[in-house]
file work.csv (CSV, C-alpha atoms)
chain,number,residue,atom,x,y,z
G,242,LYS,CA,17.2,14.4,9.6
G,243,GLN,CA,16.5,12.0,6.8
G,244,GLU,CA,13.0,12.3,5.4
G,245,VAL,CA,11.5,9.9,2.7
G,246,THR,CA,8.5,10.9,0.6
G,247,GLN,CA,6.6,8.7,-1.8
G,248,ILE,CA,4.4,9.9,-4.6
G,249,PRO,CA,1.6,9.2,-5.3
G,250,ALA,CA,0.0,8.0,-2.1
G,251,ALA,CA,-2.4,5.9,-4.0
G,252,LEU,CA,-2.6,4.7,-7.6
G,253,SER,CA,-5.3,2.7,-9.5
G,254,VAL,CA,-4.6,1.3,-12.9
G,255,PRO,CA,-6.1,-1.2,-15.3
G,256,GLU,CA,-4.4,-4.6,-15.7
G,257,GLY,CA,-1.5,-4.6,-18.2
G,258,GLU,CA,-0.4,-1.1,-17.7
G,259,ASN,CA,3.2,-0.2,-17.0
G,260,LEU,CA,3.6,2.1,-14.0
G,261,VAL,CA,6.2,4.1,-12.0
G,262,LEU,CA,6.3,4.6,-8.3
G,263,ASN,CA,8.4,7.5,-7.0
G,264,CYS,CA,10.5,7.8,-3.8
G,265,SER,CA,12.6,10.8,-2.8
G,266,PHE,CA,14.9,11.3,0.2
G,267,THR,CA,16.5,14.4,1.7
G,268,ASP,CA,20.0,13.3,2.6
G,269,SER,CA,22.1,11.6,0.0
G,270,ALA,CA,24.4,10.0,2.6
G,271,ILE,CA,23.0,6.5,2.3
G,272,TYR,CA,24.4,3.0,2.0
G,273,ASN,CA,21.5,1.6,0.1
G,274,LEU,CA,17.8,1.8,-0.7
G,275,GLN,CA,15.3,-1.0,-0.5
G,276,TRP,CA,11.8,-1.4,-2.0
G,277,PHE,CA,9.3,-3.5,-0.1
G,278,ARG,CA,5.8,-4.8,-0.8
G,279,GLN,CA,3.2,-5.0,2.0
G,280,ASP,CA,-0.1,-6.8,1.7
G,281,PRO,CA,-2.9,-5.6,4.0
G,282,GLY,CA,-2.2,-6.4,7.7
G,283,LYS,CA,1.0,-8.3,6.7
G,284,GLY,CA,4.7,-7.9,7.1
G,285,LEU,CA,7.1,-6.5,4.5
G,286,THR,CA,8.5,-8.5,1.6
G,287,SER,CA,11.8,-7.2,0.2
G,288,LEU,CA,11.6,-6.6,-3.6
G,289,LEU,CA,14.9,-5.0,-4.5
G,290,LEU,CA,18.0,-3.6,-2.8
G,291,ILE,CA,20.1,-1.0,-4.6
G,292,GLN,CA,23.5,-0.1,-3.3
G,293,SER,CA,24.5,3.5,-3.3
G,294,SER,CA,27.1,2.8,-6.0
G,295,GLN,CA,24.5,1.2,-8.3
G,296,ARG,CA,22.1,2.9,-10.8
G,297,GLU,CA,19.5,0.2,-11.1
G,298,GLN,CA,18.4,-3.3,-10.1
G,299,THR,CA,16.0,-5.6,-11.9
G,300,SER,CA,13.9,-8.6,-10.7
G,301,GLY,CA,11.4,-10.1,-13.2
G,302,ARG,CA,8.9,-7.4,-14.1
G,303,LEU,CA,10.3,-5.0,-11.5
G,304,ASN,CA,13.1,-2.4,-12.2
G,305,ALA,CA,14.3,0.0,-9.6
G,306,SER,CA,16.6,3.0,-10.3
G,307,LEU,CA,18.6,5.2,-7.9
G,308,ASP,CA,19.9,8.7,-8.4
G,309,LYS,CA,21.6,9.3,-5.1
G,310,SER,CA,22.8,12.8,-5.9
G,311,SER,CA,19.3,14.1,-6.6
G,312,GLY,CA,17.8,12.0,-3.8
G,313,ARG,CA,15.4,10.0,-6.0
G,314,SER,CA,14.4,6.4,-6.7
G,315,THR,CA,11.8,4.9,-9.0
G,316,LEU,CA,10.2,1.5,-9.0
G,317,TYR,CA,9.0,0.5,-12.5
G,318,ILE,CA,6.4,-2.3,-12.7
G,319,ALA,CA,5.9,-3.7,-16.2
G,320,ALA,CA,2.6,-5.3,-17.4
G,321,SER,CA,0.8,-4.9,-14.1
G,322,GLN,CA,-1.4,-7.7,-12.8
G,323,PRO,CA,-4.2,-7.8,-10.1
G,324,GLY,CA,-1.8,-9.7,-7.9
G,325,ASP,CA,0.5,-6.7,-7.8
G,326,SER,CA,-2.1,-4.9,-5.7
G,327,ALA,CA,-0.4,-3.9,-2.4
G,328,THR,CA,1.3,-1.1,-0.7
G,329,TYR,CA,4.8,-0.4,-1.9
G,330,LEU,CA,7.3,1.1,0.6
G,331,CYS,CA,10.8,2.5,-0.1
G,332,ALA,CA,13.3,2.7,2.7
G,333,VAL,CA,16.8,4.2,2.9
G,334,ARG,CA,19.7,3.1,5.1
G,335,PRO,CA,21.5,6.2,6.2
G,336,VAL,CA,25.3,6.2,6.6
G,337,GLU,CA,25.9,5.7,10.3
G,338,THR,CA,28.7,4.2,12.3
G,339,SER,CA,26.9,2.0,14.8
G,340,GLY,CA,23.8,0.6,13.3
G,341,SER,CA,21.6,-0.1,10.3
G,342,ARG,CA,18.3,1.5,10.8
G,343,LEU,CA,16.0,2.1,7.9
G,344,THR,CA,14.0,5.3,7.3
G,345,PHE,CA,10.7,4.6,5.5
G,346,GLY,CA,8.3,6.6,3.3
G,347,GLU,CA,4.6,6.3,3.9
G,348,GLY,CA,4.1,4.1,0.9
G,349,THR,CA,2.1,4.0,-2.3
G,350,GLN,CA,-1.1,2.0,-2.3
G,351,LEU,CA,-1.4,0.3,-5.7
G,352,THR,CA,-4.6,-1.2,-7.0
G,353,VAL,CA,-4.6,-3.1,-10.3
G,354,ASN,CA,-8.0,-3.6,-11.7
G,355,PRO,CA,-8.8,-6.7,-13.8
B,177,ASP,CA,14.3,-22.3,5.4
B,178,ALA,CA,12.4,-20.4,8.0
B,179,GLY,CA,12.2,-16.7,7.6
B,180,VAL,CA,11.9,-14.1,10.4
B,181,THR,CA,9.3,-15.4,12.8
B,182,GLN,CA,7.3,-13.3,15.3
B,183,SER,CA,4.9,-14.2,18.1
B,184,PRO,CA,2.2,-13.8,18.9
B,185,THR,CA,0.5,-12.7,15.6
B,186,HIS,CA,-2.3,-10.8,17.3
B,187,LEU,CA,-2.6,-9.4,20.8
B,188,ILE,CA,-5.3,-7.4,22.7
B,189,LYS,CA,-4.2,-5.6,25.9
B,190,THR,CA,-5.8,-3.1,28.3
B,191,ARG,CA,-4.4,0.3,28.9
B,192,GLY,CA,-1.8,0.3,31.6
B,193,GLN,CA,-0.8,-3.4,31.1
B,194,HIS,CA,2.6,-4.5,29.7
B,195,VAL,CA,3.3,-6.6,26.7
B,196,THR,CA,6.2,-8.8,25.4
B,197,LEU,CA,6.7,-9.4,21.7
B,198,ARG,CA,9.1,-12.0,20.4
B,199,CYS,CA,11.2,-12.4,17.3
B,200,SER,CA,13.4,-15.1,15.9
B,201,PRO,CA,15.8,-13.9,13.1
B,202,ILE,CA,16.7,-15.9,10.1
B,203,SER,CA,19.2,-18.6,11.0
B,204,GLY,CA,22.8,-17.1,11.0
B,205,HIS,CA,21.6,-13.5,11.2
B,206,LYS,CA,23.0,-11.6,14.1
B,207,SER,CA,21.1,-8.3,13.9
B,208,VAL,CA,17.5,-7.7,14.9
B,209,SER,CA,15.6,-4.5,14.6
B,210,TRP,CA,12.2,-3.5,15.8
B,211,TYR,CA,9.7,-1.1,14.0
B,212,GLN,CA,6.3,0.3,14.8
B,213,GLN,CA,3.8,0.8,12.0
B,214,VAL,CA,0.7,2.7,12.8
B,215,LEU,CA,-2.2,2.2,10.3
B,216,GLY,CA,-1.6,4.2,7.1
B,217,GLN,CA,2.0,5.2,7.9
B,218,GLY,CA,5.4,3.8,7.1
B,219,PRO,CA,7.3,1.8,9.8
B,220,GLN,CA,9.2,3.8,12.5
B,221,PHE,CA,12.5,2.5,13.9
B,222,ILE,CA,12.4,1.6,17.6
B,223,PHE,CA,15.5,-0.4,18.4
B,224,GLN,CA,18.4,-2.4,16.8
B,225,TYR,CA,20.5,-5.1,18.5
B,226,TYR,CA,23.6,-6.7,17.1
B,227,GLU,CA,25.6,-9.4,18.8
B,228,LYS,CA,23.4,-8.7,21.9
B,229,GLU,CA,24.4,-5.1,22.1
B,230,GLU,CA,22.0,-2.2,21.5
B,231,ARG,CA,23.2,-0.4,18.3
B,232,GLY,CA,20.4,2.1,17.9
B,233,ARG,CA,17.3,3.6,19.5
B,234,GLY,CA,14.6,5.6,17.9
B,235,ASN,CA,12.5,8.4,19.3
B,236,PHE,CA,10.3,6.3,21.6
B,237,PRO,CA,9.7,6.7,25.4
B,238,ASP,CA,11.4,4.7,28.0
B,239,ARG,CA,8.3,2.5,28.3
B,240,PHE,CA,9.8,0.7,25.3
B,241,SER,CA,12.7,-1.7,26.0
B,242,ALA,CA,14.3,-4.6,24.2
B,243,ARG,CA,17.0,-7.2,24.5
B,244,GLN,CA,18.7,-9.8,22.4
B,245,PHE,CA,19.5,-13.3,23.6
B,246,PRO,CA,22.6,-15.5,23.0
B,247,ASN,CA,20.7,-17.3,20.2
B,248,TYR,CA,20.1,-13.9,18.6
B,249,SER,CA,16.3,-14.0,19.2
B,250,SER,CA,14.9,-10.8,20.7
B,251,GLU,CA,12.1,-9.5,22.8
B,252,LEU,CA,10.4,-6.1,22.7
B,253,ASN,CA,8.7,-5.0,25.9
B,254,VAL,CA,6.3,-2.1,26.3
B,255,ASN,CA,5.1,-1.0,29.8
B,256,ALA,CA,2.1,1.1,30.8
B,257,LEU,CA,0.4,0.6,27.5
B,258,LEU,CA,-1.4,3.6,25.9
B,259,LEU,CA,-4.2,3.5,23.3
B,260,GLY,CA,-1.6,5.1,20.9
B,261,ASP,CA,0.6,2.0,21.2
B,262,SER,CA,-1.9,0.1,19.0
B,263,ALA,CA,0.1,-0.8,15.9
B,264,LEU,CA,1.7,-3.5,13.8
B,265,TYR,CA,5.1,-4.3,15.4
B,266,LEU,CA,7.6,-5.5,12.9
B,267,CYS,CA,10.9,-7.3,13.4
B,268,ALA,CA,13.7,-7.3,10.8
B,269,SER,CA,16.9,-9.4,10.7
B,270,ARG,CA,20.2,-8.8,8.9
B,271,LEU,CA,23.1,-11.1,8.5
B,272,SER,CA,25.5,-8.4,9.8
B,273,LEU,CA,25.9,-4.6,9.9
B,274,GLY,CA,27.7,-4.6,6.5
B,275,SER,CA,26.7,-1.8,4.2
B,276,ASN,CA,25.5,-4.2,1.5
B,277,THR,CA,23.2,-6.4,3.7
B,278,GLU,CA,19.5,-6.7,3.1
B,279,ALA,CA,16.9,-6.4,5.8
B,280,PHE,CA,14.2,-9.2,6.0
B,281,PHE,CA,11.0,-8.7,7.9
B,282,GLY,CA,8.7,-10.9,9.7
B,283,GLN,CA,4.9,-10.9,9.4
B,284,GLY,CA,4.5,-8.7,12.4
B,285,THR,CA,2.5,-8.7,15.7
B,286,ARG,CA,-0.8,-6.7,15.6
B,287,LEU,CA,-1.2,-5.1,19.0
B,288,THR,CA,-4.5,-3.6,20.0
B,289,VAL,CA,-4.8,-1.6,23.2
B,290,VAL,CA,-8.3,-1.1,24.5

call {"tool": "encode", "arguments": {"input": "work.csv", "output": "C-alpha cells"}}
result
Amino acid sequence: KQEVTQIPAALSVPEGENLVLNCSFTDSAIYNLQWFRQDPGKGLTSLLLIQSSQREQTSGRLNASLDKSSGRSTLYIAASQPGDSATYLCAVRPVETSGSRLTFGEGTQLTVNP
Amino acid sequence: DAGVTQSPTHLIKTRGQHVTLRCSPISGHKSVSWYQQVLGQGPQFIFQYYEKEERGRGNFPDRFSARQFPNYSSELNVNALLLGDSALYLCASRLSLGSNTEAFFGQGTRLTVV
C-alpha cells in the first residue's frame, strides 16, 4: 500500500528565506508526483507536476525535484514571501491499470513572517 | 475559462440525513474524482469516474455513492450521515487517464453534520 509522508508538519520562517519541504513515498511505481497549495478552508491549487521520468520541474520561485528510486521529492521555495503562507501537499499517482487516483501526504503548514 | 466548480460551497446536515454534492469538471475533461479531507489531514480518495464508468473506489462504506452524467458532471451522494462525515469534499478533473495528465481541483464543499 502506497504511503506518503511529509516533513516537517509545520514550518515558520522569516520573509526572504529559502526553504525546502520534503515528501517521501513508499512505493516507487508511480506515474507522477504533484505538489499542491491549499489556503485555509479552500481547495487545492496545483503548483508543479513531475513525471516519473523527470528529475525536476520549475515554476517561478518554485523548484520541485523527484528521486523515484529513493522515494523522495522536495519542493524548494526561493525568497519566501508572506503570501506563500499556506499548507503544501504532495500527492503521488500510483501505476494502476484502470484509474488515476492520487495518494496524498498530510501536508506541511508553512508560515512566512513579515 | 471556468475551472472545476462545486456546489454547494457549505452545507449543514443532521445525522441520519442524506446529502448530494455536485461537481462540474473543466470543459473537455472526461475524468472526475472525489476526495474527502478531514481537518488537519490530507485528502482521501473516494471515487473516480471516467467516461461515465467507475474506475476506482476508495475504502469508504456503501453509504457513499457517485455517478457521472453524459456532460461529464458528477454527483456524490452520502446516505445516513454520521458526525464523522463532516469534512471538506473535493472534486478533481482530468482531461483523460493518460499517465502525464494533471489533476485540477475545485474549491470544495464544506459539509458539517450535527

call {"tool": "interface_residues", "arguments": {"input": "work.csv", "of": "chain B", "to": "chain G", "cutoff": "10 Å", "atoms": "only C-alpha atoms", "output": "PDB file with C-alpha atoms, in the frame of the given file"}}
result
ATOM      1  CA  THR B 185       0.500 -12.700  15.600  1.00  0.00           C
ATOM      2  CA  SER B 207      21.100  -8.300  13.900  1.00  0.00           C
ATOM      3  CA  VAL B 208      17.500  -7.700  14.900  1.00  0.00           C
ATOM      4  CA  SER B 209      15.600  -4.500  14.600  1.00  0.00           C
ATOM      5  CA  TRP B 210      12.200  -3.500  15.800  1.00  0.00           C
ATOM      6  CA  TYR B 211       9.700  -1.100  14.000  1.00  0.00           C
ATOM      7  CA  GLN B 213       3.800   0.800  12.000  1.00  0.00           C
ATOM      8  CA  LEU B 215      -2.200   2.200  10.300  1.00  0.00           C
ATOM      9  CA  GLY B 216      -1.600   4.200   7.100  1.00  0.00           C
ATOM     10  CA  GLN B 217       2.000   5.200   7.900  1.00  0.00           C
ATOM     11  CA  GLY B 218       5.400   3.800   7.100  1.00  0.00           C
ATOM     12  CA  PRO B 219       7.300   1.800   9.800  1.00  0.00           C
ATOM     13  CA  GLN B 220       9.200   3.800  12.500  1.00  0.00           C
ATOM     14  CA  PHE B 221      12.500   2.500  13.900  1.00  0.00           C
ATOM     15  CA  ILE B 222      12.400   1.600  17.600  1.00  0.00           C
ATOM     16  CA  PHE B 223      15.500  -0.400  18.400  1.00  0.00           C
ATOM     17  CA  GLN B 224      18.400  -2.400  16.800  1.00  0.00           C
ATOM     18  CA  TYR B 225      20.500  -5.100  18.500  1.00  0.00           C
ATOM     19  CA  TYR B 226      23.600  -6.700  17.100  1.00  0.00           C
ATOM     20  CA  GLU B 230      22.000  -2.200  21.500  1.00  0.00           C
ATOM     21  CA  ARG B 231      23.200  -0.400  18.300  1.00  0.00           C
ATOM     22  CA  GLY B 232      20.400   2.100  17.900  1.00  0.00           C
ATOM     23  CA  ARG B 233      17.300   3.600  19.500  1.00  0.00           C
ATOM     24  CA  GLY B 234      14.600   5.600  17.900  1.00  0.00           C
ATOM     25  CA  LEU B 264       1.700  -3.500  13.800  1.00  0.00           C
ATOM     26  CA  TYR B 265       5.100  -4.300  15.400  1.00  0.00           C
ATOM     27  CA  LEU B 266       7.600  -5.500  12.900  1.00  0.00           C
ATOM     28  CA  CYS B 267      10.900  -7.300  13.400  1.00  0.00           C
ATOM     29  CA  ALA B 268      13.700  -7.300  10.800  1.00  0.00           C
ATOM     30  CA  ARG B 270      20.200  -8.800   8.900  1.00  0.00           C
ATOM     31  CA  SER B 272      25.500  -8.400   9.800  1.00  0.00           C
ATOM     32  CA  LEU B 273      25.900  -4.600   9.900  1.00  0.00           C
ATOM     33  CA  GLY B 274      27.700  -4.600   6.500  1.00  0.00           C
ATOM     34  CA  SER B 275      26.700  -1.800   4.200  1.00  0.00           C
ATOM     35  CA  ASN B 276      25.500  -4.200   1.500  1.00  0.00           C
ATOM     36  CA  THR B 277      23.200  -6.400   3.700  1.00  0.00           C
ATOM     37  CA  GLU B 278      19.500  -6.700   3.100  1.00  0.00           C
ATOM     38  CA  ALA B 279      16.900  -6.400   5.800  1.00  0.00           C
ATOM     39  CA  PHE B 280      14.200  -9.200   6.000  1.00  0.00           C
ATOM     40  CA  PHE B 281      11.000  -8.700   7.900  1.00  0.00           C
ATOM     41  CA  GLY B 282       8.700 -10.900   9.700  1.00  0.00           C
ATOM     42  CA  GLN B 283       4.900 -10.900   9.400  1.00  0.00           C
ATOM     43  CA  GLY B 284       4.500  -8.700  12.400  1.00  0.00           C
ATOM     44  CA  THR B 285       2.500  -8.700  15.700  1.00  0.00           C
ATOM     45  CA  ARG B 286      -0.800  -6.700  15.600  1.00  0.00           C
TER      46      ARG B 286
END

call {"tool": "atom_distance", "arguments": {"input": "work.csv", "atom1": "atom CA of G:Ala250", "atom2": "atom CA of G:Tyr317"}}
result
15.7 Å

call {"tool": "atom_distance", "arguments": {"input": "work.csv", "atom1": "atom CA of G:Ser314", "atom2": "atom CA of B:Asn235"}}
result
26.1 Å

call {"tool": "atom_distance", "arguments": {"input": "work.csv", "atom1": "atom CA of G:Ser265", "atom2": "atom CA of G:Thr315"}}
result
8.6 Å

call {"tool": "closest_residue", "arguments": {"input": "work.csv", "among": "G:Arg296, G:Asn304, G:Asn259, G:Asp268", "to": "G:Thr246", "atoms": "all atoms listed in the file"}}
result
G:Asp268

call {"tool": "decode", "arguments": {"input": "work.csv", "residues": "chain B", "atoms": "C-alpha atoms", "output": "compact mmCIF listing (two decimals), in the first residue's frame"}}
result
# COMPACT_ATOMS: atom_id res chain seq x y z
CA ASP B 177 -12.12 29.72 -18.60
CA ALA B 178 -14.06 28.16 -15.75
CA GLY B 179 -12.17 25.76 -13.55
CA VAL B 180 -13.66 22.90 -11.61
CA THR B 181 -16.86 24.10 -9.96
CA GLN B 182 -18.51 22.53 -6.94
CA SER B 183 -21.84 23.19 -5.29
CA PRO B 184 -22.88 23.98 -2.69
CA THR B 185 -19.87 25.62 -1.00
CA HIS B 186 -21.15 24.95 2.51
CA LEU B 187 -23.78 22.59 3.87
CA ILE B 188 -25.09 21.69 7.32
CA LYS B 189 -26.98 18.42 7.75
CA THR B 190 -28.35 16.40 10.66
CA ARG B 191 -27.21 12.88 11.50
CA GLY B 192 -29.14 10.29 9.51
CA GLN B 193 -29.95 12.60 6.62
CA HIS B 194 -28.59 12.21 3.10
CA VAL B 195 -26.66 14.72 1.03
CA THR B 196 -25.86 15.27 -2.66
CA LEU B 197 -22.76 17.17 -3.71
CA ARG B 198 -22.21 18.33 -7.29
CA CYS B 199 -19.16 18.87 -9.46
CA SER B 200 -18.63 20.25 -12.96
CA PRO B 201 -15.22 19.45 -14.47
CA ILE B 202 -13.15 21.73 -16.63
CA SER B 203 -14.60 21.90 -20.13
CA GLY B 204 -13.28 18.99 -22.18
CA HIS B 205 -12.22 16.94 -19.15
CA LYS B 206 -13.75 13.49 -19.02
CA SER B 207 -12.50 12.24 -15.65
CA VAL B 208 -13.90 13.26 -12.27
CA SER B 209 -12.61 12.09 -8.89
CA TRP B 210 -13.93 12.71 -5.38
CA TYR B 211 -11.84 13.12 -2.22
CA GLN B 212 -12.67 13.59 1.46
CA GLN B 213 -10.43 15.82 3.55
CA VAL B 214 -10.87 15.76 7.29
CA LEU B 215 -9.46 18.78 9.13
CA GLY B 216 -5.71 18.53 9.55
CA GLN B 217 -5.27 15.57 7.19
CA GLY B 218 -4.53 15.03 3.53
CA PRO B 219 -7.37 14.25 1.10
CA GLN B 220 -8.51 10.62 0.88
CA PHE B 221 -9.68 9.12 -2.40
CA ILE B 222 -13.38 8.16 -2.58
CA PHE B 223 -14.32 7.54 -6.24
CA GLN B 224 -13.19 8.10 -9.77
CA TYR B 225 -15.33 8.16 -12.92
CA TYR B 226 -14.17 8.30 -16.50
CA GLU B 227 -16.50 8.38 -19.48
CA LYS B 228 -19.39 7.68 -17.08
CA GLU B 229 -17.84 4.46 -15.80
CA GLU B 230 -16.49 3.90 -12.29
CA ARG B 231 -12.72 3.47 -12.49
CA GLY B 232 -11.81 3.34 -8.84
CA ARG B 233 -13.27 3.21 -5.36
CA GLY B 234 -11.52 4.03 -2.11
CA ASN B 235 -12.02 2.49 1.30
CA PHE B 236 -15.38 4.09 2.09
CA PRO B 237 -18.64 2.42 3.21
CA ASP B 238 -21.53 1.71 0.86
CA ARG B 239 -23.29 4.80 2.22
CA PHE B 240 -21.13 6.69 -0.28
CA SER B 241 -22.09 6.51 -3.95
CA ALA B 242 -21.46 8.57 -7.04
CA ARG B 243 -22.29 8.85 -10.69
CA GLN B 244 -21.19 10.76 -13.77
CA PHE B 245 -23.57 12.23 -16.29
CA PRO B 246 -23.31 12.43 -20.13
CA ASN B 247 -22.00 16.01 -19.83
CA TYR B 248 -19.22 14.64 -17.50
CA SER B 249 -20.53 16.42 -14.42
CA SER B 250 -20.77 14.27 -11.31
CA GLU B 251 -22.70 13.81 -8.10
CA LEU B 252 -21.51 12.36 -4.81
CA ASN B 253 -24.24 11.00 -2.56
CA VAL B 254 -23.87 10.14 1.11
CA ASN B 255 -26.68 8.39 2.98
CA ALA B 256 -27.31 8.00 6.70
CA LEU B 257 -24.88 10.78 7.60
CA LEU B 258 -22.64 10.35 10.61
CA LEU B 259 -20.83 13.03 12.60
CA GLY B 260 -17.58 11.63 11.19
CA ASP B 261 -18.66 12.50 7.66
CA SER B 262 -18.03 16.17 8.46
CA ALA B 263 -15.23 17.18 6.11
CA LEU B 264 -14.23 19.15 3.04
CA TYR B 265 -15.26 17.21 -0.08
CA LEU B 266 -13.07 17.91 -3.07
CA CYS B 267 -13.66 17.18 -6.72
CA ALA B 268 -10.83 16.83 -9.23
CA SER B 269 -10.95 16.67 -13.00
CA ARG B 270 -8.51 15.35 -15.58
CA LEU B 271 -8.50 15.57 -19.32
CA SER B 272 -8.05 11.82 -19.61
CA LEU B 273 -6.46 8.87 -17.78
CA GLY B 274 -3.15 9.34 -19.60
CA SER B 275 -0.10 8.97 -17.37
CA ASN B 276 1.02 12.57 -17.93
CA THR B 277 -2.27 14.29 -17.13
CA GLU B 278 -2.56 16.82 -14.35
CA ALA B 279 -5.34 16.84 -11.74
CA PHE B 280 -7.19 20.12 -11.13
CA PHE B 281 -9.29 20.60 -8.02
CA GLY B 282 -12.36 22.62 -7.20
CA GLN B 283 -12.84 24.80 -4.12
CA GLY B 284 -14.63 22.05 -2.27
CA THR B 285 -17.88 21.62 -0.37
CA ARG B 286 -17.63 22.01 3.40
CA LEU B 287 -20.08 19.51 4.95
CA THR B 288 -20.94 19.79 8.62
CA VAL B 289 -23.01 17.04 10.22
CA VAL B 290 -24.64 17.95 13.54
